[in-house]
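The file structure.pdb comes next; it holds PDB, C-alpha atoms.
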MODEL        1
ATOM      1  CA  ILE A   1       0.000   0.000   0.000  1.00  0.00           C
ATOM      2  CA  MET A   2       2.844   2.370   0.842  1.00  0.00           C
ATOM      3  CA  TYR A   3       4.452   1.734  -2.536  1.00  0.00           C
ATOM      4  CA  LEU A   4       1.107   2.339  -4.245  1.00  0.00           C
ATOM      5  CA  PHE A   5       0.663   5.680  -2.499  1.00  0.00           C
ATOM      6  CA  LEU A   6       4.189   6.745  -3.464  1.00  0.00           C
ATOM      7  CA  PHE A   7       3.535   5.663  -7.039  1.00  0.00           C
ATOM      8  CA  LEU A   8       0.321   7.678  -7.247  1.00  0.00           C
ATOM      9  CA  HIS A   9       1.992  10.651  -5.594  1.00  0.00           C
ATOM     10  CA  PHE A  10       4.753  10.777  -8.164  1.00  0.00           C
ATOM     11  CA  CYS A  11       2.240  10.207 -10.968  1.00  0.00           C
ATOM     12  CA  ASN A  12       0.450  13.407 -10.008  1.00  0.00           C
ATOM     13  CA  ARG A  13       3.623  15.340  -9.386  1.00  0.00           C
ATOM     14  CA  LYS A  14       4.535  17.695 -12.190  1.00  0.00           C
ATOM     15  CA  GLY A  15       2.427  15.936 -14.745  1.00  0.00           C
ATOM     16  CA  GLY A  16       4.121  12.566 -14.352  1.00  0.00           C
ATOM     17  CA  CYS A  17       7.631  13.942 -14.852  1.00  0.00           C
ATOM     18  CA  PHE A  18       9.096  11.499 -12.353  1.00  0.00           C
ATOM     19  CA  LEU A  19       7.694   8.505 -14.232  1.00  0.00           C
ATOM     20  CA  LYS A  20       9.215   9.714 -17.476  1.00  0.00           C
ATOM     21  CA  LYS A  21      12.612   9.886 -15.804  1.00  0.00           C
ATOM     22  CA  LEU A  22      12.099   6.456 -14.260  1.00  0.00           C
ATOM     23  CA  LEU A  23      11.177   4.863 -17.579  1.00  0.00           C
ATOM     24  CA  VAL A  24      14.525   5.974 -19.005  1.00  0.00           C
ATOM     25  CA  TYR A  25      16.330   3.748 -16.538  1.00  0.00           C
ATOM     26  CA  ILE A  26      14.057   0.705 -16.723  1.00  0.00           C
ATOM     27  CA  LYS A  27      13.506   0.553 -20.472  1.00  0.00           C
ATOM     28  CA  ASP A  28      16.438  -1.866 -20.822  1.00  0.00           C
ATOM     29  CA  PHE A  29      14.975  -4.095 -18.100  1.00  0.00           C
ATOM     30  CA  ARG A  30      11.382  -4.367 -19.230  1.00  0.00           C
ATOM     31  CA  LEU A  31      11.343  -8.151 -19.184  1.00  0.00           C
ATOM     32  CA  GLU A  32      12.868  -8.291 -15.693  1.00  0.00           C
ATOM     33  CA  CYS A  33      10.370  -5.706 -14.396  1.00  0.00           C
ATOM     34  CA  VAL A  34       7.528  -7.957 -15.513  1.00  0.00           C
ATOM     35  CA  LEU A  35       8.983 -11.340 -14.597  1.00  0.00           C
ATOM     36  CA  ALA A  36      10.325 -10.381 -11.138  1.00  0.00           C
ATOM     37  CA  PRO A  37       6.969  -9.530  -9.476  1.00  0.00           C
ATOM     38  CA  LEU A  38       5.257 -12.310 -11.424  1.00  0.00           C
ATOM     39  CA  PHE A  39       7.649 -14.975 -10.148  1.00  0.00           C
ATOM     40  CA  LYS A  40       7.557 -13.628  -6.587  1.00  0.00           C
ATOM     41  CA  LEU A  41       3.761 -13.748  -6.708  1.00  0.00           C
ATOM     42  CA  LEU A  42       3.904 -17.305  -8.039  1.00  0.00           C
ATOM     43  CA  GLU A  43       6.357 -18.319  -5.315  1.00  0.00           C
ATOM     44  CA  ALA A  44       4.199 -16.816  -2.574  1.00  0.00           C
ATOM     45  CA  SER A  45       1.154 -18.609  -4.000  1.00  0.00           C
ATOM     46  CA  PHE A  46       2.912 -21.984  -3.896  1.00  0.00           C
ATOM     47  CA  GLU A  47       4.077 -21.405  -0.339  1.00  0.00           C
ATOM     48  CA  LEU A  48       0.527 -20.640   0.749  1.00  0.00           C
ATOM     49  CA  ILE A  49      -0.630 -24.052  -0.468  1.00  0.00           C
ATOM     50  CA  VAL A  50       1.468 -25.800   2.208  1.00  0.00           C
ATOM     51  CA  PRO A  51      -0.463 -24.458   5.265  1.00  0.00           C
ATOM     52  CA  LEU A  52      -3.743 -25.194   3.474  1.00  0.00           C
ATOM     53  CA  ILE A  53      -2.729 -28.844   3.102  1.00  0.00           C
ATOM     54  CA  MET A  54      -1.681 -28.936   6.759  1.00  0.00           C
ATOM     55  CA  ALA A  55      -5.090 -27.546   7.721  1.00  0.00           C
ATOM     56  CA  ALA A  56      -6.797 -30.252   5.637  1.00  0.00           C
ATOM     57  CA  ILE A  57      -4.789 -32.960   7.407  1.00  0.00           C
ATOM     58  CA  ILE A  58      -5.671 -31.579  10.847  1.00  0.00           C
ATOM     59  CA  ASP A  59      -9.354 -30.913  10.087  1.00  0.00           C
ATOM     60  CA  LYS A  60     -10.207 -33.927   7.910  1.00  0.00           C
ATOM     61  CA  GLY A  61      -7.552 -36.621   8.103  1.00  0.00           C
ATOM     62  CA  ILE A  62      -6.694 -36.842  11.802  1.00  0.00           C
ATOM     63  CA  PRO A  63     -10.238 -36.615  13.329  1.00  0.00           C
ATOM     64  CA  THR A  64     -11.557 -39.365  11.040  1.00  0.00           C
ATOM     65  CA  GLY A  65      -8.402 -41.478  11.148  1.00  0.00           C
ATOM     66  CA  ASN A  66      -8.222 -41.524   7.340  1.00  0.00           C
ATOM     67  CA  THR A  67      -4.680 -42.833   6.896  1.00  0.00           C
ATOM     68  CA  GLY A  68      -4.866 -42.866   3.101  1.00  0.00           C
ATOM     69  CA  PHE A  69      -5.862 -39.199   2.990  1.00  0.00           C
ATOM     70  CA  ILE A  70      -3.082 -38.237   5.413  1.00  0.00           C
ATOM     71  CA  VAL A  71      -0.463 -40.135   3.373  1.00  0.00           C
ATOM     72  CA  ARG A  72      -1.610 -38.495   0.127  1.00  0.00           C
ATOM     73  CA  MET A  73      -1.500 -35.032   1.674  1.00  0.00           C
ATOM     74  CA  CYS A  74       1.941 -35.709   3.162  1.00  0.00           C
ATOM     75  CA  LEU A  75       3.218 -36.746  -0.263  1.00  0.00           C
ATOM     76  CA  TRP A  76       1.874 -33.478  -1.653  1.00  0.00           C
ATOM     77  CA  LEU A  77       3.681 -31.632   1.156  1.00  0.00           C
ATOM     78  CA  VAL A  78       6.963 -33.331   0.287  1.00  0.00           C
ATOM     79  CA  ALA A  79       6.575 -32.504  -3.411  1.00  0.00           C
ATOM     80  CA  LEU A  80       5.477 -28.922  -2.850  1.00  0.00           C
ATOM     81  CA  GLY A  81       8.137 -28.392  -0.198  1.00  0.00           C
ATOM     82  CA  GLY A  82      10.891 -29.447  -2.584  1.00  0.00           C
ATOM     83  CA  VAL A  83       9.535 -27.346  -5.440  1.00  0.00           C
ATOM     84  CA  CYS A  84       8.970 -24.263  -3.275  1.00  0.00           C
ATOM     85  CA  TRP A  85      12.375 -24.405  -1.611  1.00  0.00           C
ATOM     86  CA  ALA A  86      14.161 -24.983  -4.921  1.00  0.00           C
ATOM     87  CA  PHE A  87      12.290 -22.181  -6.648  1.00  0.00           C
ATOM     88  CA  SER A  88      12.639 -19.830  -3.681  1.00  0.00           C
ATOM     89  CA  GLY A  89      16.347 -20.510  -3.209  1.00  0.00           C
ATOM     90  CA  THR A  90      17.122 -20.083  -6.906  1.00  0.00           C
ATOM     91  CA  CYS A  91      15.215 -16.792  -7.069  1.00  0.00           C
ATOM     92  CA  ALA A  92      16.929 -15.564  -3.906  1.00  0.00           C
ATOM     93  CA  GLN A  93      20.376 -16.409  -5.259  1.00  0.00           C
ATOM     94  CA  LEU A  94      19.587 -14.706  -8.564  1.00  0.00           C
ATOM     95  CA  LEU A  95      18.349 -11.529  -6.870  1.00  0.00           C
ATOM     96  CA  THR A  96      21.136 -11.250  -4.281  1.00  0.00           C
ATOM     97  CA  THR A  97      24.160 -12.344  -6.324  1.00  0.00           C
ATOM     98  CA  VAL A  98      23.356 -11.481  -9.955  1.00  0.00           C
ATOM     99  CA  TYR A  99      21.287  -8.339  -9.448  1.00  0.00           C
ATOM    100  CA  GLY A 100      22.958  -7.325  -6.175  1.00  0.00           C
ATOM    101  CA  LEU A 101      19.752  -6.721  -4.208  1.00  0.00           C
ATOM    102  CA  GLU A 102      19.925  -6.548  -0.424  1.00  0.00           C
ATOM    103  CA  PRO A 103      18.150  -9.359   1.469  1.00  0.00           C
ATOM    104  CA  GLY A 104      16.182  -6.779   3.459  1.00  0.00           C
ATOM    105  CA  TRP A 105      14.813  -5.239   0.275  1.00  0.00           C
ATOM    106  CA  VAL A 106      13.764  -8.617  -1.097  1.00  0.00           C
ATOM    107  CA  ILE A 107      11.990  -9.449   2.174  1.00  0.00           C
ATOM    108  CA  SER A 108      10.159  -6.105   2.138  1.00  0.00           C
ATOM    109  CA  ILE A 109       8.545  -7.205  -1.132  1.00  0.00           C
ATOM    110  CA  ARG A 110       8.250 -10.949  -0.573  1.00  0.00           C
ATOM    111  CA  VAL A 111       6.737 -11.084   2.910  1.00  0.00           C
ATOM    112  CA  PRO A 112       4.009  -8.440   2.381  1.00  0.00           C
ATOM    113  CA  CYS A 113       2.958 -10.155  -0.873  1.00  0.00           C
ATOM    114  CA  ALA A 114       2.666 -13.483   0.930  1.00  0.00           C
ATOM    115  CA  ALA A 115       0.804 -11.835   3.815  1.00  0.00           C
ATOM    116  CA  VAL A 116      -1.750 -10.232   1.501  1.00  0.00           C
ATOM    117  CA  LEU A 117      -2.352 -13.513  -0.314  1.00  0.00           C
ATOM    118  CA  PHE A 118      -2.680 -15.363   2.995  1.00  0.00           C
ATOM    119  CA  VAL A 119      -5.251 -12.882   4.325  1.00  0.00           C
ATOM    120  CA  ILE A 120      -7.257 -13.113   1.092  1.00  0.00           C
ATOM    121  CA  VAL A 121      -7.297 -16.917   1.233  1.00  0.00           C
ATOM    122  CA  ALA A 122      -8.211 -16.859   4.934  1.00  0.00           C
ATOM    123  CA  LEU A 123     -11.069 -14.428   4.300  1.00  0.00           C
ATOM    124  CA  VAL A 124     -12.438 -16.622   1.545  1.00  0.00           C
ATOM    125  CA  ARG A 125     -12.054 -19.977   3.315  1.00  0.00           C
ATOM    126  CA  ASP A 126     -12.541 -19.184   7.019  1.00  0.00           C
ATOM    127  CA  ARG A 127     -13.572 -15.593   7.634  1.00  0.00           C
ATOM    128  CA  GLU A 128     -15.036 -16.184  11.107  1.00  0.00           C
ATOM    129  CA  ASN A 129     -11.905 -17.758  12.601  1.00  0.00           C
ATOM    130  CA  LEU A 130      -9.701 -15.058  11.083  1.00  0.00           C
ATOM    131  CA  LEU A 131     -11.804 -12.279  12.615  1.00  0.00           C
ATOM    132  CA  ALA A 132     -11.913 -14.144  15.933  1.00  0.00           C
ATOM    133  CA  ALA A 133      -8.114 -14.411  15.934  1.00  0.00           C
ATOM    134  CA  VAL A 134      -7.748 -10.685  15.273  1.00  0.00           C
ATOM    135  CA  ARG A 135     -10.010  -9.862  18.227  1.00  0.00           C
ATOM    136  CA  ASP A 136      -8.056 -12.051  20.666  1.00  0.00           C
ATOM    137  CA  PRO A 137      -5.105 -10.166  22.269  1.00  0.00           C
ATOM    138  CA  ARG A 138      -3.228 -13.383  23.069  1.00  0.00           C
ATOM    139  CA  THR A 139      -3.512 -14.575  19.491  1.00  0.00           C
ATOM    140  CA  ILE A 140      -2.320 -11.209  18.202  1.00  0.00           C
ATOM    141  CA  LEU A 141       0.673 -11.318  20.545  1.00  0.00           C
ATOM    142  CA  ALA A 142       1.498 -14.856  19.410  1.00  0.00           C
ATOM    143  CA  MET A 143       1.281 -13.812  15.764  1.00  0.00           C
ATOM    144  CA  VAL A 144       3.539 -10.804  16.353  1.00  0.00           C
ATOM    145  CA  LEU A 145       6.152 -12.935  18.119  1.00  0.00           C
ATOM    146  CA  PHE A 146       5.984 -15.574  15.393  1.00  0.00           C
ATOM    147  CA  ALA A 147       6.297 -12.886  12.720  1.00  0.00           C
ATOM    148  CA  LEU A 148       9.424 -11.411  14.330  1.00  0.00           C
ATOM    149  CA  PHE A 149      11.253 -14.496  15.590  1.00  0.00           C
ATOM    150  CA  GLY A 150       9.818 -17.023  13.155  1.00  0.00           C
ATOM    151  CA  ILE A 151       9.074 -15.604   9.729  1.00  0.00           C
ATOM    152  CA  LEU A 152      11.345 -12.542   9.759  1.00  0.00           C
ATOM    153  CA  LEU A 153      14.321 -14.310  11.305  1.00  0.00           C
ATOM    154  CA  THR A 154      13.965 -17.298   8.990  1.00  0.00           C
ATOM    155  CA  GLN A 155      13.451 -15.253   5.833  1.00  0.00           C
ATOM    156  CA  TYR A 156      16.268 -12.790   6.526  1.00  0.00           C
ATOM    157  CA  GLY A 157      18.649 -15.503   7.681  1.00  0.00           C
ATOM    158  CA  TYR A 158      17.908 -17.664   4.643  1.00  0.00           C
ATOM    159  CA  LEU A 159      18.381 -14.868   2.104  1.00  0.00           C
ATOM    160  CA  THR A 160      21.494 -13.546   3.838  1.00  0.00           C
ATOM    161  CA  ALA A 161      23.056 -17.023   4.013  1.00  0.00           C
ATOM    162  CA  ILE A 162      22.359 -17.460   0.291  1.00  0.00           C
ATOM    163  CA  SER A 163      23.879 -14.067  -0.509  1.00  0.00           C
ATOM    164  CA  TYR A 164      27.143 -15.206   1.127  1.00  0.00           C
ATOM    165  CA  THR A 165      27.087 -18.738  -0.333  1.00  0.00           C
ATOM    166  CA  ASN A 166      24.472 -20.250  -2.656  1.00  0.00           C
ATOM    167  CA  ALA A 167      20.953 -21.653  -2.587  1.00  0.00           C
ATOM    168  CA  GLY A 168      22.029 -25.237  -1.880  1.00  0.00           C
ATOM    169  CA  THR A 169      24.239 -24.325   1.072  1.00  0.00           C
ATOM    170  CA  GLY A 170      21.625 -22.022   2.548  1.00  0.00           C
ATOM    171  CA  THR A 171      18.972 -24.727   2.323  1.00  0.00           C
ATOM    172  CA  VAL A 172      21.184 -27.338   3.999  1.00  0.00           C
ATOM    173  CA  MET A 173      21.966 -24.959   6.866  1.00  0.00           C
ATOM    174  CA  GLU A 174      18.264 -24.236   7.223  1.00  0.00           C
ATOM    175  CA  ARG A 175      17.583 -27.959   7.648  1.00  0.00           C
ATOM    176  CA  PHE A 176      19.974 -27.960  10.614  1.00  0.00           C
ATOM    177  CA  GLY A 177      17.037 -26.554  12.552  1.00  0.00           C
ATOM    178  CA  LEU A 178      15.632 -30.089  12.698  1.00  0.00           C
ATOM    179  CA  VAL A 179      18.551 -30.995  14.970  1.00  0.00           C
ATOM    180  CA  LEU A 180      17.593 -28.242  17.400  1.00  0.00           C
ATOM    181  CA  LEU A 181      13.951 -29.300  17.166  1.00  0.00           C
ATOM    182  CA  THR A 182      14.853 -32.910  17.977  1.00  0.00           C
ATOM    183  CA  ILE A 183      16.836 -31.809  21.025  1.00  0.00           C
ATOM    184  CA  LEU A 184      13.972 -29.568  22.172  1.00  0.00           C
ATOM    185  CA  VAL A 185      11.432 -32.396  21.845  1.00  0.00           C
ATOM    186  CA  CYS A 186      13.621 -34.781  23.817  1.00  0.00           C
ATOM    187  CA  VAL A 187      14.187 -32.217  26.577  1.00  0.00           C
ATOM    188  CA  THR A 188      10.519 -31.218  26.890  1.00  0.00           C
ATOM    189  CA  SER A 189       9.392 -34.860  26.733  1.00  0.00           C
ATOM    190  CA  ARG A 190      12.074 -35.898  29.234  1.00  0.00           C
ATOM    191  CA  ARG A 191      13.202 -38.849  27.174  1.00  0.00           C
ATOM    192  CA  LEU A 192      16.265 -40.078  25.354  1.00  0.00           C
ATOM    193  CA  PRO A 193      16.324 -39.778  21.555  1.00  0.00           C
ATOM    194  CA  HIS A 194      15.389 -42.805  19.497  1.00  0.00           C
ATOM    195  CA  ALA A 195      17.993 -44.564  17.355  1.00  0.00           C
ATOM    196  CA  ARG A 196      16.753 -43.029  14.105  1.00  0.00           C
ATOM    197  CA  GLU A 197      16.796 -39.578  15.713  1.00  0.00           C
ATOM    198  CA  VAL A 198      20.413 -40.035  16.812  1.00  0.00           C
ATOM    199  CA  ILE A 199      21.362 -41.141  13.296  1.00  0.00           C
ATOM    200  CA  GLY A 200      19.565 -38.156  11.789  1.00  0.00           C
ATOM    201  CA  VAL A 201      21.292 -35.710  14.132  1.00  0.00           C
ATOM    202  CA  ILE A 202      24.720 -37.191  13.413  1.00  0.00           C
ATOM    203  CA  LEU A 203      24.154 -37.040   9.645  1.00  0.00           C
ATOM    204  CA  ALA A 204      22.878 -33.460   9.844  1.00  0.00           C
ATOM    205  CA  ILE A 205      25.873 -32.304  11.888  1.00  0.00           C
ATOM    206  CA  ALA A 206      28.305 -34.180   9.633  1.00  0.00           C
ATOM    207  CA  GLY A 207      26.747 -32.670   6.499  1.00  0.00           C
ATOM    208  CA  THR A 208      26.917 -29.159   7.925  1.00  0.00           C
ATOM    209  CA  VAL A 209      30.547 -29.611   8.956  1.00  0.00           C
ATOM    210  CA  LEU A 210      31.486 -30.920   5.499  1.00  0.00           C
ATOM    211  CA  ILE A 211      29.792 -27.972   3.797  1.00  0.00           C
ATOM    212  CA  ALA A 212      31.432 -25.463   6.142  1.00  0.00           C
ATOM    213  CA  THR A 213      34.948 -26.965   5.873  1.00  0.00           C
ATOM    214  CA  LYS A 214      34.921 -28.846   2.518  1.00  0.00           C
ATOM    215  CA  GLY A 215      36.426 -31.793   4.381  1.00  0.00           C
ATOM    216  CA  ASN A 216      39.367 -29.821   5.818  1.00  0.00           C
ATOM    217  CA  LEU A 217      38.550 -29.399   9.491  1.00  0.00           C
ATOM    218  CA  GLY A 218      41.354 -26.872   9.934  1.00  0.00           C
ATOM    219  CA  THR A 219      39.800 -24.230   7.687  1.00  0.00           C
ATOM    220  CA  LEU A 220      36.431 -22.630   7.083  1.00  0.00           C
ATOM    221  CA  ALA A 221      35.370 -22.889   3.451  1.00  0.00           C
ATOM    222  CA  ILE A 222      32.442 -20.454   3.720  1.00  0.00           C
ATOM    223  CA  PRO A 223      32.382 -16.910   5.117  1.00  0.00           C
ATOM    224  CA  PRO A 224      31.823 -16.679   8.887  1.00  0.00           C
ATOM    225  CA  GLU A 225      28.826 -14.436   8.174  1.00  0.00           C
ATOM    226  CA  ALA A 226      27.204 -17.263   6.223  1.00  0.00           C
ATOM    227  CA  LEU A 227      27.743 -19.690   9.103  1.00  0.00           C
ATOM    228  CA  PHE A 228      26.301 -17.192  11.586  1.00  0.00           C
ATOM    229  CA  TRP A 229      23.180 -16.475   9.551  1.00  0.00           C
ATOM    230  CA  GLY A 230      22.794 -20.166   8.787  1.00  0.00           C
ATOM    231  CA  PHE A 231      22.690 -20.868  12.523  1.00  0.00           C
ATOM    232  CA  MET A 232      20.239 -18.001  13.098  1.00  0.00           C
ATOM    233  CA  LEU A 233      18.144 -19.411  10.268  1.00  0.00           C
ATOM    234  CA  SER A 234      17.996 -22.823  11.918  1.00  0.00           C
ATOM    235  CA  CYS A 235      16.966 -21.193  15.195  1.00  0.00           C
ATOM    236  CA  GLY A 236      14.056 -19.467  13.451  1.00  0.00           C
TER     237      GLY A 236
ENDMDL
END

For this file, write the structure as structure tokens.
Amino acid sequence: IMYLFLFLHFCNRKGGCFLKKLLVYIKDFRLECVLAPLFKLLEASFELIVPLIMAAIIDKGIPTGNTGFIVRMCLWLVALGGVCWAFSGTCAQLLTTVYGLEPGWVISIRVPCAAVLFVIVALVRDRENLLAAVRDPRTILAMVLFALFGILLTQYGYLTAISYTNAGTGTVMERFGLVLLTILVCVTSRRLPHAREVIGVILAIAGTVLIATKGNLGTLAIPPEALFWGFMLSCG
């Protein structure tokens, strides 16, 4: 909305003089100016499908015990998750390394677009629960905390890690968060990890170490900033 107001303001300023000056600079990038917002909108749309599938599993599959439905939805989650992460990481690497955009600038476009699409979908599918959540102070506080320490931290950490390395490395470091999640579950449940959990943690740590050192434990093969933001990303 802020960008729209600024756009309209400059349109009315001096008979559109600002727009004429702007068009001089973007005329060589017409294709990019069209494809960039289109792809970001497409990416945000795909990412919004994931919580909708999760909601279907919780509302329809689990209460009725429909194992077949849950398995099918989980397979869709795996497929969509891989496609979304691959598409998102590639776009992020292209924007930050090729076009030199700052991660903060990319987030200022990406996150609001996703938020608007999410609100529209929520209004169409479940208007009553959305309005009830907005009226509840505790829910609002939870959403604000999740937005700051969940979405914002994850998005900024992911894009910043990619800007220092590449999409593949950033994605692997993001998956390290599963190690922290496993430890948290074991601590809160007051139990020892299962054998498969121990194996998963060991493999995740070994993979991260190999990426960070390229097999030479005496040196760091990626910038320290990338390792820092990769860890912050996993915490988000």

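For the structure in this document, the set picked by the PyMOL selection byres ((chain A and resi 88-91) around 9) is A:Phe39, A:Lys40, A:Glu43, A:Val83, A:Cys84, A:Trp85, A:Ala86, A:Phe87, A:Ala92, A:Gln93, A:Leu94, A:Leu95, A:Thr96, A:Tyr158, A:Leu159, A:Ile162, A:Asn166, A:Ala167, A:Gly168, A:Gly170, A:Thr171.
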
Kindly provide the residues of stretch 84-187 of chain A that approach stretch 215-224 of chain A to within 12 Å, each paired with its closest atom pair and their distance in Å to one decimal, based on only C-alpha atoms, listed by chain and increasing number, as JSON lines.
{"residue": "A:Thr160", "atom": "CA", "partner": "A:Pro223", "partner_atom": "CA", "distance": 11.5}
{"residue": "A:Ala161", "atom": "CA", "partner": "A:Pro223", "partner_atom": "CA", "distance": 9.4}
{"residue": "A:Ile162", "atom": "CA", "partner": "A:Ile222", "partner_atom": "CA", "distance": 11.1}
{"residue": "A:Ser163", "atom": "CA", "partner": "A:Pro223", "partner_atom": "CA", "distance": 10.6}
{"residue": "A:Tyr164", "atom": "CA", "partner": "A:Pro223", "partner_atom": "CA", "distance": 6.8}
{"residue": "A:Thr165", "atom": "CA", "partner": "A:Ile222", "partner_atom": "CA", "distance": 6.9}
{"residue": "A:Asn166", "atom": "CA", "partner": "A:Ile222", "partner_atom": "CA", "distance": 10.2}
{"residue": "A:Thr169", "atom": "CA", "partner": "A:Ile222", "partner_atom": "CA", "distance": 9.4}
{"residue": "A:Gly170", "atom": "CA", "partner": "A:Ile222", "partner_atom": "CA", "distance": 11.0}
{"residue": "A:Met173", "atom": "CA", "partner": "A:Ile222", "partner_atom": "CA", "distance": 11.8}

Export of prior selection with C-alpha atoms as a compact mmCIF listing (two decimals), in the frame of the given file:
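Dumped to selection-v1.txt:
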# COMPACT_ATOMS: atom_id res chain seq x y z
CA THR A 160 21.49 -13.55 3.84
CA ALA A 161 23.06 -17.02 4.01
CA ILE A 162 22.36 -17.46 0.29
CA SER A 163 23.88 -14.07 -0.51
CA TYR A 164 27.14 -15.21 1.13
CA THR A 165 27.09 -18.74 -0.33
CA ASN A 166 24.47 -20.25 -2.66
CA THR A 169 24.24 -24.32 1.07
CA GLY A 170 21.62 -22.02 2.55
CA MET A 173 21.97 -24.96 6.87

Notebook entry, point to check: Quick one: distance from atom CA of A:Leu123 to atom CA of A:Leu145 in Å, one decimal?
Noted result: 22.1 Å

Give me the box for stretch 121-138 of chain A as lines of an AutoDock Vina configuration file, namely the centre and edge lengths in Å to one decimal of a box along x, y and z that holds every listed atom plus 3 Å on each side.
center_x = -9.1
center_y = -14.9
center_z = 12.2
size_x = 17.8
size_y = 16.1
size_z = 27.8

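Taking atom CA of A:Ala79 and atom CA of A:Gly61 as endpoints, the distance between them is 18.7 Å.
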
Check: In Å, with one decimal, what is the gap from atom CA of A:Ile120 to atom CA of A:Ile53?
Finding: 16.5 Å

Check: With distances taken over only C-alpha atoms, which of A:Leu130, A:Leu233, A:Glu197, A:Thr67 is nearest to A:Phe118?
Finding: A:Leu130

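Closest approach to A:Gln155 among A:Val78, A:Leu184, A:Ala114, A:Ala132: A:Ala114, based on all atoms listed in the file.
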
Checklist line | Expected selection from the PyMOL selection byres ((chain A and resi 151) around 12), given as a list in words | finding: Ile107, Arg110, Val111, Pro112, Ala114, Ala115, Met143, Val144, Leu145, Phe146, Ala147, Leu148, Phe149, Gly150, Leu152, Leu153, Thr154, Gln155, Tyr156, Gly157, Tyr158, Met232, Leu233, Ser234, Cys235 and Gly236 of chain A

Next item on the list: Taking the file above as input, evaluate the PyMOL selection byres ((chain A and resi 50) around 12) and report the hits as a list in words.
Entry: Glu43, Ala44, Ser45, Phe46, Glu47, Leu48, Ile49, Pro51, Leu52, Ile53, Met54, Ala55, Ala56, Ile57, Met73, Cys74, Leu75, Trp76, Leu77, Val78, Ala79, Leu80, Gly81, Gly82, Val83, Cys84, Trp85 and Phe118 of chain A

Final N, CA and C atoms of stretch 132-144 of chain A as an mmCIF file, in the frame of the given file:
data_model
loop_
_atom_site.group_PDB
_atom_site.id
_atom_site.type_symbol
_atom_site.label_atom_id
_atom_site.label_comp_id
_atom_site.auth_asym_id
_atom_site.auth_seq_id
_atom_site.Cartn_x
_atom_site.Cartn_y
_atom_site.Cartn_z
ATOM 1 N N ALA A 132 -12.014 -13.796 14.518
ATOM 2 C CA ALA A 132 -11.913 -14.144 15.933
ATOM 3 C C ALA A 132 -10.471 -14.067 16.414
ATOM 4 N N ALA A 133 -9.533 -14.477 15.568
ATOM 5 C CA ALA A 133 -8.114 -14.411 15.934
ATOM 6 C C ALA A 133 -7.653 -12.972 16.077
ATOM 7 N N VAL A 134 -8.146 -12.097 15.222
ATOM 8 C CA VAL A 134 -7.748 -10.685 15.273
ATOM 9 C C VAL A 134 -8.279 -10.014 16.538
ATOM 10 N N ARG A 135 -9.415 -10.474 17.037
ATOM 11 C CA ARG A 135 -10.010 -9.862 18.227
ATOM 12 C C ARG A 135 -9.392 -10.370 19.523
ATOM 13 N N ASP A 136 -8.634 -11.450 19.462
ATOM 14 C CA ASP A 136 -8.056 -12.051 20.666
ATOM 15 C C ASP A 136 -6.657 -11.490 20.910
ATOM 16 N N PRO A 137 -6.429 -10.763 22.008
ATOM 17 C CA PRO A 137 -5.105 -10.166 22.269
ATOM 18 C C PRO A 137 -3.989 -11.201 22.354
ATOM 19 N N ARG A 138 -4.265 -12.357 22.953
ATOM 20 C CA ARG A 138 -3.228 -13.383 23.069
ATOM 21 C C ARG A 138 -2.826 -13.913 21.697
ATOM 22 N N THR A 139 -3.810 -14.101 20.839
ATOM 23 C CA THR A 139 -3.512 -14.575 19.491
ATOM 24 C C THR A 139 -2.712 -13.544 18.712
ATOM 25 N N ILE A 140 -3.065 -12.278 18.882
ATOM 26 C CA ILE A 140 -2.320 -11.209 18.202
ATOM 27 C C ILE A 140 -0.878 -11.178 18.686
ATOM 28 N N LEU A 141 -0.687 -11.299 20.002
ATOM 29 C CA LEU A 141 0.673 -11.318 20.545
ATOM 30 C C LEU A 141 1.461 -12.506 20.011
ATOM 31 N N ALA A 142 0.822 -13.662 19.941
ATOM 32 C CA ALA A 142 1.498 -14.856 19.410
ATOM 33 C C ALA A 142 1.872 -14.666 17.946
ATOM 34 N N MET A 143 0.989 -14.050 17.178
ATOM 35 C CA MET A 143 1.281 -13.812 15.764
ATOM 36 C C MET A 143 2.422 -12.824 15.586
ATOM 37 N N VAL A 144 2.458 -11.795 16.431
ATOM 38 C CA VAL A 144 3.539 -10.804 16.353
ATOM 39 C C VAL A 144 4.883 -11.450 16.687
#
